[in-house]
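Here's work-v9.cif, which has mmCIF, C-alpha atoms:
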```cif
data_target
loop_
_atom_site.label_atom_id
_atom_site.label_comp_id
_atom_site.auth_asym_id
_atom_site.auth_seq_id
_atom_site.Cartn_x
_atom_site.Cartn_y
_atom_site.Cartn_z
CA MET A 7 47.64 -53.79 2.28
CA THR A 8 44.71 -55.24 4.20
CA GLY A 9 42.45 -53.71 6.76
CA ALA A 10 39.21 -51.92 7.38
CA ILE A 11 37.87 -48.90 5.52
CA VAL A 12 34.97 -46.84 6.86
CA VAL A 13 32.62 -45.39 4.24
CA THR A 14 29.73 -43.14 5.24
CA GLY A 15 26.58 -42.58 3.22
CA ALA A 16 27.00 -45.90 1.44
CA ALA A 17 23.36 -46.63 0.66
CA ARG A 18 23.33 -45.23 -2.86
CA GLY A 19 25.10 -43.18 -5.48
CA ILE A 20 28.74 -42.29 -4.93
CA GLY A 21 28.97 -43.86 -1.47
CA ARG A 22 27.63 -47.16 -2.70
CA ALA A 23 30.03 -47.13 -5.66
CA ILE A 24 32.92 -46.49 -3.28
CA ALA A 25 31.90 -49.39 -1.04
CA GLU A 26 31.61 -51.66 -4.07
CA ALA A 27 34.99 -50.57 -5.41
CA MET A 28 36.64 -51.19 -2.04
CA THR A 29 35.32 -54.73 -1.72
CA ALA A 30 35.97 -55.59 -5.37
CA GLY A 31 39.45 -54.15 -5.57
CA GLY A 32 41.22 -55.62 -2.61
CA PRO A 33 41.10 -57.64 0.58
CA PHE A 34 39.34 -54.97 2.57
CA THR A 35 36.53 -55.03 5.06
CA VAL A 36 34.26 -52.05 4.57
CA VAL A 37 32.51 -50.64 7.58
CA GLY A 38 29.53 -49.08 5.84
CA VAL A 39 27.63 -46.39 7.69
CA ASP A 40 24.09 -46.32 6.25
CA ILE A 41 24.87 -49.07 3.75
CA ALA A 42 22.56 -50.42 1.03
CA PRO A 43 20.82 -53.57 2.40
CA GLU A 44 21.92 -55.78 -0.49
CA LEU A 45 25.56 -54.74 0.00
CA ALA A 46 25.31 -55.46 3.70
CA LEU A 47 24.90 -59.14 2.81
CA SER A 48 28.51 -59.27 1.59
CA GLU A 49 30.98 -60.96 3.90
CA HIS A 50 33.34 -58.06 3.23
CA ILE A 51 30.95 -55.44 4.59
CA THR A 52 30.02 -54.69 8.17
CA PRO A 53 27.00 -52.40 8.35
CA VAL A 54 26.54 -49.74 11.01
CA GLU A 55 23.27 -47.88 11.44
CA THR A 56 23.80 -44.70 13.37
CA ASP A 57 23.34 -40.95 13.32
CA LEU A 58 26.75 -39.35 12.88
CA THR A 59 25.45 -35.92 13.89
CA THR A 60 25.16 -37.18 17.47
CA VAL A 61 28.02 -37.61 19.91
CA ASP A 62 27.29 -41.34 20.18
CA GLY A 63 27.31 -42.00 16.41
CA PRO A 64 31.06 -41.74 15.77
CA ARG A 65 31.77 -43.68 18.96
CA LEU A 66 29.64 -46.58 17.70
CA VAL A 67 31.61 -46.62 14.44
CA ARG A 68 34.89 -46.70 16.38
CA GLU A 69 33.69 -49.56 18.54
CA THR A 70 32.61 -51.49 15.44
CA VAL A 71 36.06 -51.09 13.90
CA GLU A 72 37.65 -52.22 17.17
CA ASP A 73 35.41 -55.30 17.22
CA ILE A 74 36.50 -56.28 13.70
CA GLY A 75 40.08 -56.35 14.88
CA LEU A 76 41.67 -55.23 11.62
CA PRO A 77 43.87 -52.15 11.26
CA LEU A 78 41.93 -49.09 10.14
CA ILE A 79 43.53 -48.06 6.86
CA GLY A 80 40.92 -45.76 5.38
CA LEU A 81 38.04 -43.39 6.05
CA VAL A 82 35.76 -41.94 3.39
CA ASN A 83 33.53 -39.13 4.60
CA ASN A 84 30.88 -39.26 1.92
CA ALA A 85 27.51 -38.72 3.61
CA GLY A 86 25.83 -35.53 2.48
CA ILE A 87 22.48 -33.90 1.90
CA THR A 88 21.15 -30.87 0.05
CA ARG A 89 18.48 -28.36 1.06
CA ASP A 90 18.72 -25.85 -1.77
CA ALA A 91 17.32 -22.33 -1.64
CA ARG A 92 18.51 -18.89 -2.55
CA LEU A 93 20.24 -17.20 0.37
CA VAL A 94 17.45 -14.63 0.78
CA ASN A 95 14.91 -17.44 1.23
CA MET A 96 17.00 -20.03 3.05
CA THR A 97 15.57 -21.05 6.42
CA ASP A 98 17.58 -21.59 9.58
CA GLN A 99 16.66 -25.28 9.46
CA GLU A 100 17.79 -25.70 5.86
CA PHE A 101 21.08 -24.13 6.78
CA SER A 102 21.79 -26.09 9.94
CA ASP A 103 20.66 -29.48 8.60
CA VAL A 104 23.16 -29.33 5.75
CA LEU A 105 25.98 -28.00 7.90
CA ASP A 106 25.51 -30.64 10.60
CA VAL A 107 25.42 -33.62 8.21
CA ASN A 108 27.94 -32.57 5.59
CA LEU A 109 30.55 -30.99 7.83
CA GLY A 110 29.83 -31.62 11.52
CA ALA A 111 29.41 -35.38 11.13
CA ALA A 112 32.54 -35.67 8.99
CA TYR A 113 34.59 -33.73 11.51
CA ARG A 114 33.29 -35.69 14.51
CA LEU A 115 33.96 -39.02 12.82
CA SER A 116 37.42 -37.99 11.63
CA THR A 117 38.50 -36.88 15.09
CA GLU A 118 37.06 -40.06 16.61
CA LEU A 119 38.84 -42.40 14.20
CA ALA A 120 42.09 -40.58 13.41
CA PRO A 121 43.91 -41.69 16.59
CA MET A 122 43.38 -45.36 15.71
CA MET A 123 44.32 -45.09 12.03
CA ASP A 124 47.27 -47.15 10.91
CA ASP A 125 50.56 -45.73 9.72
CA GLY A 126 50.20 -45.16 5.95
CA SER A 127 46.42 -44.90 6.04
CA ALA A 128 44.32 -42.25 4.31
CA ILE A 129 41.22 -40.15 4.73
CA VAL A 130 39.24 -39.02 1.69
CA ASN A 131 36.57 -36.37 2.12
CA ILE A 132 33.91 -36.16 -0.57
CA ALA A 133 33.50 -32.44 -1.15
CA SER A 134 31.81 -31.06 -4.25
CA ARG A 135 32.62 -28.81 -7.14
CA ALA A 136 30.08 -26.53 -5.41
CA TYR A 137 32.86 -25.51 -3.04
CA LEU A 138 33.82 -23.14 -5.84
CA GLY A 139 30.34 -21.64 -5.65
CA ASN A 140 26.95 -22.82 -6.89
CA PHE A 141 23.71 -20.88 -7.20
CA GLY A 142 21.12 -21.71 -4.54
CA GLN A 143 23.53 -23.65 -2.37
CA PHE A 144 24.89 -21.22 0.24
CA ASN A 145 24.56 -23.92 2.90
CA TYR A 146 25.90 -26.75 0.76
CA SER A 147 28.88 -24.88 -0.65
CA MET A 148 29.75 -23.57 2.82
CA SER A 149 29.68 -27.12 4.17
CA LYS A 150 31.81 -28.44 1.32
CA GLY A 151 34.22 -25.53 1.57
CA GLY A 152 34.48 -26.30 5.27
CA LEU A 153 35.27 -29.88 4.35
CA VAL A 154 38.09 -28.64 2.13
CA GLY A 155 39.43 -26.60 5.06
CA MET A 156 39.20 -29.62 7.32
CA THR A 157 41.07 -31.64 4.71
CA ARG A 158 43.95 -29.18 4.66
CA ALA A 159 44.18 -28.86 8.45
CA LEU A 160 44.06 -32.61 9.07
CA ALA A 161 46.58 -33.19 6.28
CA LEU A 162 49.00 -31.04 8.26
CA SER A 163 48.19 -32.31 11.74
CA LEU A 164 48.05 -36.02 10.86
CA ALA A 165 51.15 -36.08 8.63
CA PRO A 166 53.18 -38.18 8.12
CA ARG A 167 51.06 -41.01 9.58
CA VAL A 168 47.81 -40.34 7.70
CA ARG A 169 47.26 -38.68 4.32
CA VAL A 170 44.13 -36.56 3.94
CA ASN A 171 42.67 -35.47 0.60
CA ALA A 172 39.35 -34.39 -0.86
CA VAL A 173 37.50 -35.31 -4.01
CA ALA A 174 35.13 -32.72 -5.47
CA PRO A 175 32.65 -34.35 -7.85
CA GLY A 176 30.87 -32.29 -10.46
CA LEU A 177 27.63 -33.37 -12.11
CA ILE A 178 27.38 -37.10 -11.39
CA SER A 179 24.64 -39.44 -12.54
CA SER A 180 22.77 -40.15 -9.32
CA GLU A 181 19.33 -39.86 -7.74
CA MET A 182 20.17 -36.25 -6.91
CA SER A 183 21.13 -35.20 -10.43
CA LEU A 184 18.40 -37.22 -12.12
CA GLY A 185 15.92 -35.18 -10.09
CA ILE A 186 16.99 -32.05 -11.97
CA PRO A 187 14.50 -31.12 -14.75
CA GLU A 188 15.74 -32.60 -18.02
CA GLU A 189 15.99 -29.28 -19.85
CA ILE A 190 18.19 -27.81 -17.12
CA ARG A 191 20.24 -30.99 -16.87
CA GLU A 192 20.92 -30.92 -20.61
CA ARG A 193 22.11 -27.32 -20.35
CA MET A 194 24.42 -28.33 -17.53
CA ILE A 195 25.83 -31.19 -19.60
CA ASP A 196 26.37 -28.82 -22.53
CA ALA A 197 28.73 -26.83 -20.28
CA ILE A 198 30.89 -29.87 -19.51
CA PRO A 199 33.89 -30.24 -21.85
CA LEU A 200 33.72 -34.05 -21.63
CA GLU A 201 30.05 -33.77 -22.75
CA LYS A 202 28.52 -36.11 -20.19
CA MET A 203 27.65 -36.57 -16.58
CA GLY A 204 30.18 -38.47 -14.57
CA THR A 205 29.34 -41.83 -13.04
CA PRO A 206 29.58 -42.80 -9.37
CA ALA A 207 32.19 -45.37 -10.41
CA GLU A 208 34.40 -42.64 -11.88
CA VAL A 209 34.37 -40.86 -8.53
CA ALA A 210 34.96 -44.15 -6.71
CA ASN A 211 38.01 -44.86 -8.87
CA THR A 212 39.56 -41.56 -7.79
CA VAL A 213 38.76 -42.27 -4.15
CA TRP A 214 40.29 -45.73 -4.50
CA TRP A 215 43.47 -44.23 -5.88
CA LEU A 216 43.70 -41.73 -3.02
CA LEU A 217 43.23 -44.46 -0.41
CA THR A 218 46.00 -46.66 -1.76
CA PRO A 219 49.81 -46.23 -1.84
CA LEU A 220 49.46 -45.33 -5.53
CA SER A 221 49.00 -41.76 -4.25
CA SER A 222 51.52 -42.04 -1.42
CA TYR A 223 53.04 -38.57 -1.91
CA ILE A 224 49.77 -36.67 -2.12
CA THR A 225 48.13 -35.03 0.87
CA GLY A 226 46.05 -31.91 1.49
CA GLU A 227 44.81 -31.75 -2.09
CA VAL A 228 41.40 -31.33 -3.67
CA ILE A 229 40.85 -33.33 -6.85
CA VAL A 230 37.92 -32.15 -8.93
CA VAL A 231 36.18 -34.99 -10.79
CA GLY A 232 34.05 -32.83 -13.02
CA GLY A 233 34.74 -33.46 -16.68
CA GLY A 234 36.48 -30.09 -17.02
CA ARG A 235 33.40 -28.09 -15.94
CA SER A 236 35.50 -25.80 -13.73
CA LEU A 237 37.09 -24.36 -16.87
CA SER A 238 34.04 -23.82 -19.06
CA MET B 19 27.90 2.16 -0.05
CA SER B 20 26.30 0.33 2.86
CA GLY B 21 27.17 -3.22 3.64
CA VAL B 22 28.30 -5.67 6.23
CA VAL B 23 31.83 -6.68 7.18
CA LEU B 24 32.04 -9.83 9.29
CA TRP B 25 35.34 -10.81 10.88
CA ALA B 26 35.55 -14.54 11.51
CA ARG B 27 36.07 -15.24 15.20
CA GLU B 28 38.99 -17.46 16.11
CA VAL B 29 37.83 -20.87 17.25
CA GLY B 30 39.32 -24.02 18.71
CA ASP B 31 38.96 -27.48 17.26
CA ASP B 32 35.45 -27.70 18.60
CA TRP B 33 32.49 -28.33 16.32
CA GLU B 34 30.01 -26.26 18.32
CA GLU B 35 32.28 -23.22 18.09
CA VAL B 36 32.69 -23.72 14.35
CA ARG B 37 28.95 -24.15 13.93
CA SER B 38 28.30 -20.96 15.88
CA VAL B 39 30.63 -18.82 13.74
CA LEU B 40 29.30 -20.23 10.47
CA THR B 41 25.72 -19.73 11.63
CA ASP B 42 26.45 -16.12 12.53
CA ALA B 43 27.88 -15.63 9.05
CA PHE B 44 24.80 -17.17 7.47
CA LEU B 45 22.48 -14.92 9.46
CA ALA B 46 24.54 -11.82 8.67
CA GLY B 47 24.81 -12.69 5.00
CA ARG B 48 21.11 -13.47 4.68
CA SER B 49 20.12 -10.21 6.38
CA ALA B 50 22.42 -8.24 4.11
CA ALA B 51 21.15 -10.00 0.99
CA GLN B 52 17.53 -9.46 1.98
CA ALA B 53 18.28 -5.74 2.37
CA GLY B 54 20.11 -5.68 -0.95
CA ASP B 55 23.40 -4.92 0.79
CA SER B 56 26.82 -6.26 -0.04
CA PHE B 57 28.94 -8.13 2.47
CA VAL B 58 32.55 -9.08 3.11
CA PHE B 59 33.86 -11.95 5.20
CA VAL B 60 37.30 -11.40 6.77
CA VAL B 61 39.44 -14.43 7.55
CA HIS B 62 43.02 -15.23 8.54
CA GLN B 63 45.18 -16.20 5.56
CA ASP B 64 46.74 -19.16 7.41
CA ASP B 65 43.30 -20.66 7.96
CA LEU B 66 42.64 -21.01 4.24
CA LEU B 67 45.55 -23.45 4.21
CA GLY B 68 44.63 -25.19 7.46
CA ARG B 69 47.70 -23.94 9.31
CA ARG B 70 45.94 -22.93 12.55
CA GLY B 71 43.86 -26.02 13.18
CA ALA B 72 40.80 -27.71 11.75
CA GLY B 73 38.27 -25.44 13.45
CA ASN B 74 39.64 -22.24 11.99
CA ALA B 75 40.17 -23.90 8.62
CA MET B 76 36.56 -25.07 8.42
CA VAL B 77 35.41 -21.54 9.19
CA ALA B 78 37.69 -19.74 6.73
CA CYS B 79 37.23 -22.12 3.81
CA GLY B 80 33.52 -22.43 4.50
CA LEU B 81 33.12 -18.67 4.39
CA LEU B 82 35.07 -18.41 1.14
CA SER B 83 32.87 -21.00 -0.56
CA ALA B 84 29.71 -19.42 0.80
CA ALA B 85 30.78 -16.00 -0.45
CA ARG B 86 31.38 -17.41 -3.92
CA THR B 87 27.87 -18.85 -3.96
CA ALA B 88 26.33 -15.66 -2.59
CA ALA B 89 28.17 -13.70 -5.27
CA LEU B 90 26.40 -15.72 -7.95
CA GLU B 91 23.04 -14.95 -6.36
CA GLY B 92 23.73 -11.27 -5.87
CA ALA B 93 25.14 -10.70 -9.35
CA THR B 94 21.76 -9.87 -10.84
CA LYS B 95 20.47 -8.07 -7.74
CA GLY B 96 23.13 -5.41 -7.39
CA TRP B 97 24.89 -6.63 -4.27
CA THR B 98 28.25 -8.35 -3.91
CA ALA B 99 29.95 -10.88 -1.63
CA ASN B 100 33.72 -11.01 -1.19
CA VAL B 101 36.41 -12.25 1.17
CA VAL B 102 39.50 -10.56 2.59
CA ALA B 103 42.26 -12.75 4.01
CA PHE B 104 44.96 -11.15 6.11
CA ASP B 105 48.44 -12.14 7.21
CA GLU B 106 49.42 -12.11 10.87
CA ASP B 107 51.39 -8.89 10.34
CA ALA B 108 48.74 -7.02 8.38
CA ALA B 109 47.50 -3.79 9.96
CA ARG B 110 43.84 -3.93 10.90
CA SER B 111 43.28 -0.54 9.29
CA THR B 112 44.60 -1.88 5.98
CA VAL B 113 42.30 -4.88 6.14
CA GLU B 114 39.33 -2.65 7.00
CA ALA B 115 40.17 -0.36 4.09
CA TRP B 116 40.18 -3.29 1.67
CA ALA B 117 36.87 -4.54 3.03
CA GLN B 118 35.34 -1.09 2.58
CA ARG B 119 36.82 -0.83 -0.91
CA LEU B 120 35.08 -4.09 -1.83
CA LEU B 121 31.78 -2.83 -0.44
CA ASP B 122 32.16 0.38 -2.46
CA SER B 123 33.18 -1.23 -5.71
CA GLU B 124 30.89 -2.24 -8.53
CA GLY B 125 31.31 -5.45 -10.46
CA VAL B 126 33.85 -7.04 -8.15
CA THR B 127 32.22 -10.04 -6.53
CA GLY B 128 33.15 -13.52 -5.40
CA GLU B 129 36.76 -12.40 -5.03
CA LEU B 130 39.42 -13.21 -2.47
CA ILE B 131 41.78 -10.36 -1.61
CA ARG B 132 44.89 -11.36 0.30
CA VAL B 133 46.50 -8.64 2.45
CA GLY B 134 50.15 -9.50 2.91
CA PRO B 135 52.54 -11.83 1.10
CA GLY B 136 51.91 -14.96 3.19
CA HIS B 137 50.06 -16.76 0.42
CA LEU B 138 52.86 -16.50 -2.12
CA GLY B 139 54.30 -19.82 -3.18
CA LYS B 140 51.48 -21.72 -1.52
CA ALA B 141 48.30 -23.43 -2.70
CA LEU B 142 45.46 -21.41 -4.18
CA PRO B 143 42.36 -21.89 -2.04
#
```

Would you mind giving the structure from this file in structure tokens?
Amino acid sequence: MTGAIVVTGAARGIGRAIAEAMTAGGPFTVVGVDIAPELALSEHITPVETDLTTVDGPRLVRETVEDIGLPLIGLVNNAGITRDARLVNMTDQEFSDVLDVNLGAAYRLSTELAPMMDDGSAIVNIASRAYLGNFGQFNYSMSKGGLVGMTRALALSLAPRVRVNAVAPGLISSEMSLGIPEEIRERMIDAIPLEKMGTPAEVANTVWWLLTPLSSYITGEVIVVGGGRSLS
Amino acid sequence: MSGVVLWAREVGDDWEEVRSVLTDAFLAGRSAAQAGDSFVFVVHQDDLLGRRGAGNAMVACGLLSAARTAALEGATKGWTANVVAFDEDAARSTVEAWAQRLLDSEGVTGELIRVGPGHLGKALP
């Protein structure tokens, strides 16, 4: 299994861990959209700088994959942002920014790349445990719920050629979670049965599994990587 | 009890259409919440499973997740947010009655009510 895998939002956190796992775990070329500069130095990574919320952004990614000349075997829609506010206070801009990046860009890129994806390839959408609901994140949870819906629809329409699944991380150690006040973060960790934050690598391992034939009979599913938090 | 019922418009697999419906839902939900009113989103059951295309699926699943989040925020303020999903054969009057029942009820929030048996034996959204 060799080929190219597109990973968006690969500059830091979960996206970076995914890009690292892809290049360390197999003979893949990663097309990293918004990749960390030090990773871009790797011979296994082709960086692309573009805005996926524009019509031209996904086209540039497709052209880059075509230039590489390898079969496209994977797409990881990871790029995401937060603009948290309670619904009563949420501005139009906070709402639309999150929707456009987290859902619109993922949809545009998926529809651009799906026709060229190889038989047996896979798409993994990075949703969030917030798709089950999360205070102060009407925009974010809507976008991630939309991503789950997109996952299910594409799983049906692209089968049997391409499998499509989603990973929904819970509290993961990243710039985003480390920005949460320590007292609140500790309370959140107390509610996690596995008693810790997850790591970006733990999410990346799940993504890796979903991209490879190890998960060849799984499509249209959402796998929560959350330490059991959905039960507590 | 007063409140808002928003039926999700059917869309094609076009991002701008999806964006428009989700934005309308945001604006309606925010207005209701600011007034202290409850709201209900109504979606097609098949769309929760992605069976009528990506556009409709993004709308339906997005609205369900948003309602769950809104329910958390309204829980201490006295308003609720719920979702009704209907089968193709469900009578509109039945769906409307369930939506009104959810607006009238106390303590039921963040729920998904499915009208019709189409969800049986299939994935939980």

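In this structure, atom CA of A:Ala91 sits 4.8 Å away from atom CA of A:Gly142.
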
**Message:** Report, in Å to a single decimal, how far apart atom CA of A:Ile229 and atom CA of A:Glu55 are.
**Reply:** 29.2 Å

**Message:** Please list as a PyMOL selection string every residue within 6 Å of A:Ser147, counting all atoms listed in the file and excluding residues in the same chain fewer than 2 positions away.
**Reply:** (chain A and resi 136-137+143-145+149-151) or (chain B and resi 83-84)

**Message:** Which residues would end up in the selection if the PyMOL selection byres ((chain B) within 10 of (chain A)) were applied here, given that I need the answer as a PyMOL selection string?
**Reply:** chain B and resi 31-34+36-37+40-41+44-45+47-54+65-92+128+141+143

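Our summary of the geometry notes that atom CA of B:Val133 is positioned 23.0 Å from atom CA of B:Ala46.
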
**Prompt:** Which residue, A:Pro43, A:Gly9, A:Gly21, A:Pro166, has the smallest gap to A:Pro77 when you use all atoms listed in the file?
**Reply:** A:Gly9

**Message:** Ranking A:Gln99, A:Asn84, A:Ser238, A:Ser116 by minimum distance to A:Ala23 and counting all atoms listed in the file, which one comes first?
**Reply:** A:Asn84

**Item:** Residues matched by the PyMOL selection byres ((chain A and resi 61-69) around 12) as a VMD selection string
**Value:** (chain A and resid 10 to 14 36 to 40 52 to 60 70 to 78 81 83 106 to 107 110 to 123) or (chain B and resid 33 to 34)

**Item:** Close residues, B:Phe57 itself excluded, 9 Å, all atoms listed in the file, min 4 positions apart in chain, as an MDAnalysis selection string
**Value:** chainID B and resid 20:24 46:47 50:51 85 97:101 117 120:121

**Message:** Using the chain letters and numbers from this file, what does the PyMOL selection byres ((chain B and resi 106) around 8) select? Give the answer as a PyMOL selection string.
**Reply:** chain B and resi 62-63+104-105+107-108

If I put a ball of radius 12 Å at (45.4, -53.9, 2.4) in the file's coordinates, which residues poke into it when counting all atoms listed in the file, written as a CSV table (one decimal) with C-alpha atoms, keeping the file's coordinate frame?
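Result file is result.csv:
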```csv
chain,number,residue,atom,x,y,z
A,7,MET,CA,47.6,-53.8,2.3
A,8,THR,CA,44.7,-55.2,4.2
A,9,GLY,CA,42.4,-53.7,6.8
A,10,ALA,CA,39.2,-51.9,7.4
A,11,ILE,CA,37.9,-48.9,5.5
A,28,MET,CA,36.6,-51.2,-2.0
A,29,THR,CA,35.3,-54.7,-1.7
A,31,GLY,CA,39.4,-54.2,-5.6
A,32,GLY,CA,41.2,-55.6,-2.6
A,33,PRO,CA,41.1,-57.6,0.6
A,34,PHE,CA,39.3,-55.0,2.6
A,35,THR,CA,36.5,-55.0,5.1
A,36,VAL,CA,34.3,-52.0,4.6
A,76,LEU,CA,41.7,-55.2,11.6
A,77,PRO,CA,43.9,-52.2,11.3
A,78,LEU,CA,41.9,-49.1,10.1
A,79,ILE,CA,43.5,-48.1,6.9
A,80,GLY,CA,40.9,-45.8,5.4
A,124,ASP,CA,47.3,-47.2,10.9
A,126,GLY,CA,50.2,-45.2,6.0
A,127,SER,CA,46.4,-44.9,6.0
A,128,ALA,CA,44.3,-42.2,4.3
A,214,TRP,CA,40.3,-45.7,-4.5
A,217,LEU,CA,43.2,-44.5,-0.4
A,218,THR,CA,46.0,-46.7,-1.8
A,219,PRO,CA,49.8,-46.2,-1.8
```

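Shortest atom-to-atom contact with A:Met182 among A:Gly233, A:Pro206, A:Ala197, A:Ser48: A:Pro206, counting all atoms listed in the file.
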
Missing atoms in stretch 90-105 of chain A: fill them in up to N, CA and C atoms and send the result as a compact mmCIF listing (two decimals), keeping the file's coordinate frame.
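What ended up in out-v2.txt:
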```txt
# COMPACT_ATOMS: atom_id res chain seq x y z
N ASP A 90 18.40 -27.02 -0.96
CA ASP A 90 18.72 -25.85 -1.77
C ASP A 90 17.68 -24.74 -1.64
N ALA A 91 18.17 -23.53 -1.61
CA ALA A 91 17.32 -22.33 -1.64
C ALA A 91 18.24 -21.14 -1.86
N ARG A 92 17.71 -20.11 -2.46
CA ARG A 92 18.51 -18.89 -2.55
C ARG A 92 18.74 -18.35 -1.15
N LEU A 93 19.87 -17.69 -0.96
CA LEU A 93 20.24 -17.20 0.37
C LEU A 93 19.12 -16.37 1.00
N VAL A 94 18.49 -15.52 0.22
CA VAL A 94 17.45 -14.63 0.78
C VAL A 94 16.25 -15.42 1.31
N ASN A 95 16.07 -16.63 0.82
CA ASN A 95 14.91 -17.44 1.23
C ASN A 95 15.29 -18.63 2.11
N MET A 96 16.57 -18.84 2.34
CA MET A 96 17.00 -20.03 3.05
C MET A 96 16.60 -19.96 4.52
N THR A 97 16.00 -21.04 5.02
CA THR A 97 15.57 -21.05 6.42
C THR A 97 16.73 -21.48 7.33
N ASP A 98 16.57 -21.18 8.60
CA ASP A 98 17.58 -21.59 9.58
C ASP A 98 17.74 -23.11 9.57
N GLN A 99 16.62 -23.81 9.44
CA GLN A 99 16.66 -25.28 9.46
C GLN A 99 17.39 -25.83 8.24
N GLU A 100 17.11 -25.25 7.07
CA GLU A 100 17.79 -25.70 5.86
C GLU A 100 19.30 -25.50 5.99
N PHE A 101 19.66 -24.41 6.60
CA PHE A 101 21.08 -24.13 6.78
C PHE A 101 21.72 -25.13 7.75
N SER A 102 21.13 -25.28 8.90
CA SER A 102 21.79 -26.09 9.94
C SER A 102 21.77 -27.58 9.61
N ASP A 103 20.70 -28.05 8.96
CA ASP A 103 20.66 -29.48 8.60
C ASP A 103 21.84 -29.85 7.71
N VAL A 104 22.08 -29.03 6.70
CA VAL A 104 23.16 -29.33 5.75
C VAL A 104 24.52 -29.21 6.42
N LEU A 105 24.68 -28.19 7.23
CA LEU A 105 25.98 -28.00 7.90
C LEU A 105 26.29 -29.16 8.84
```
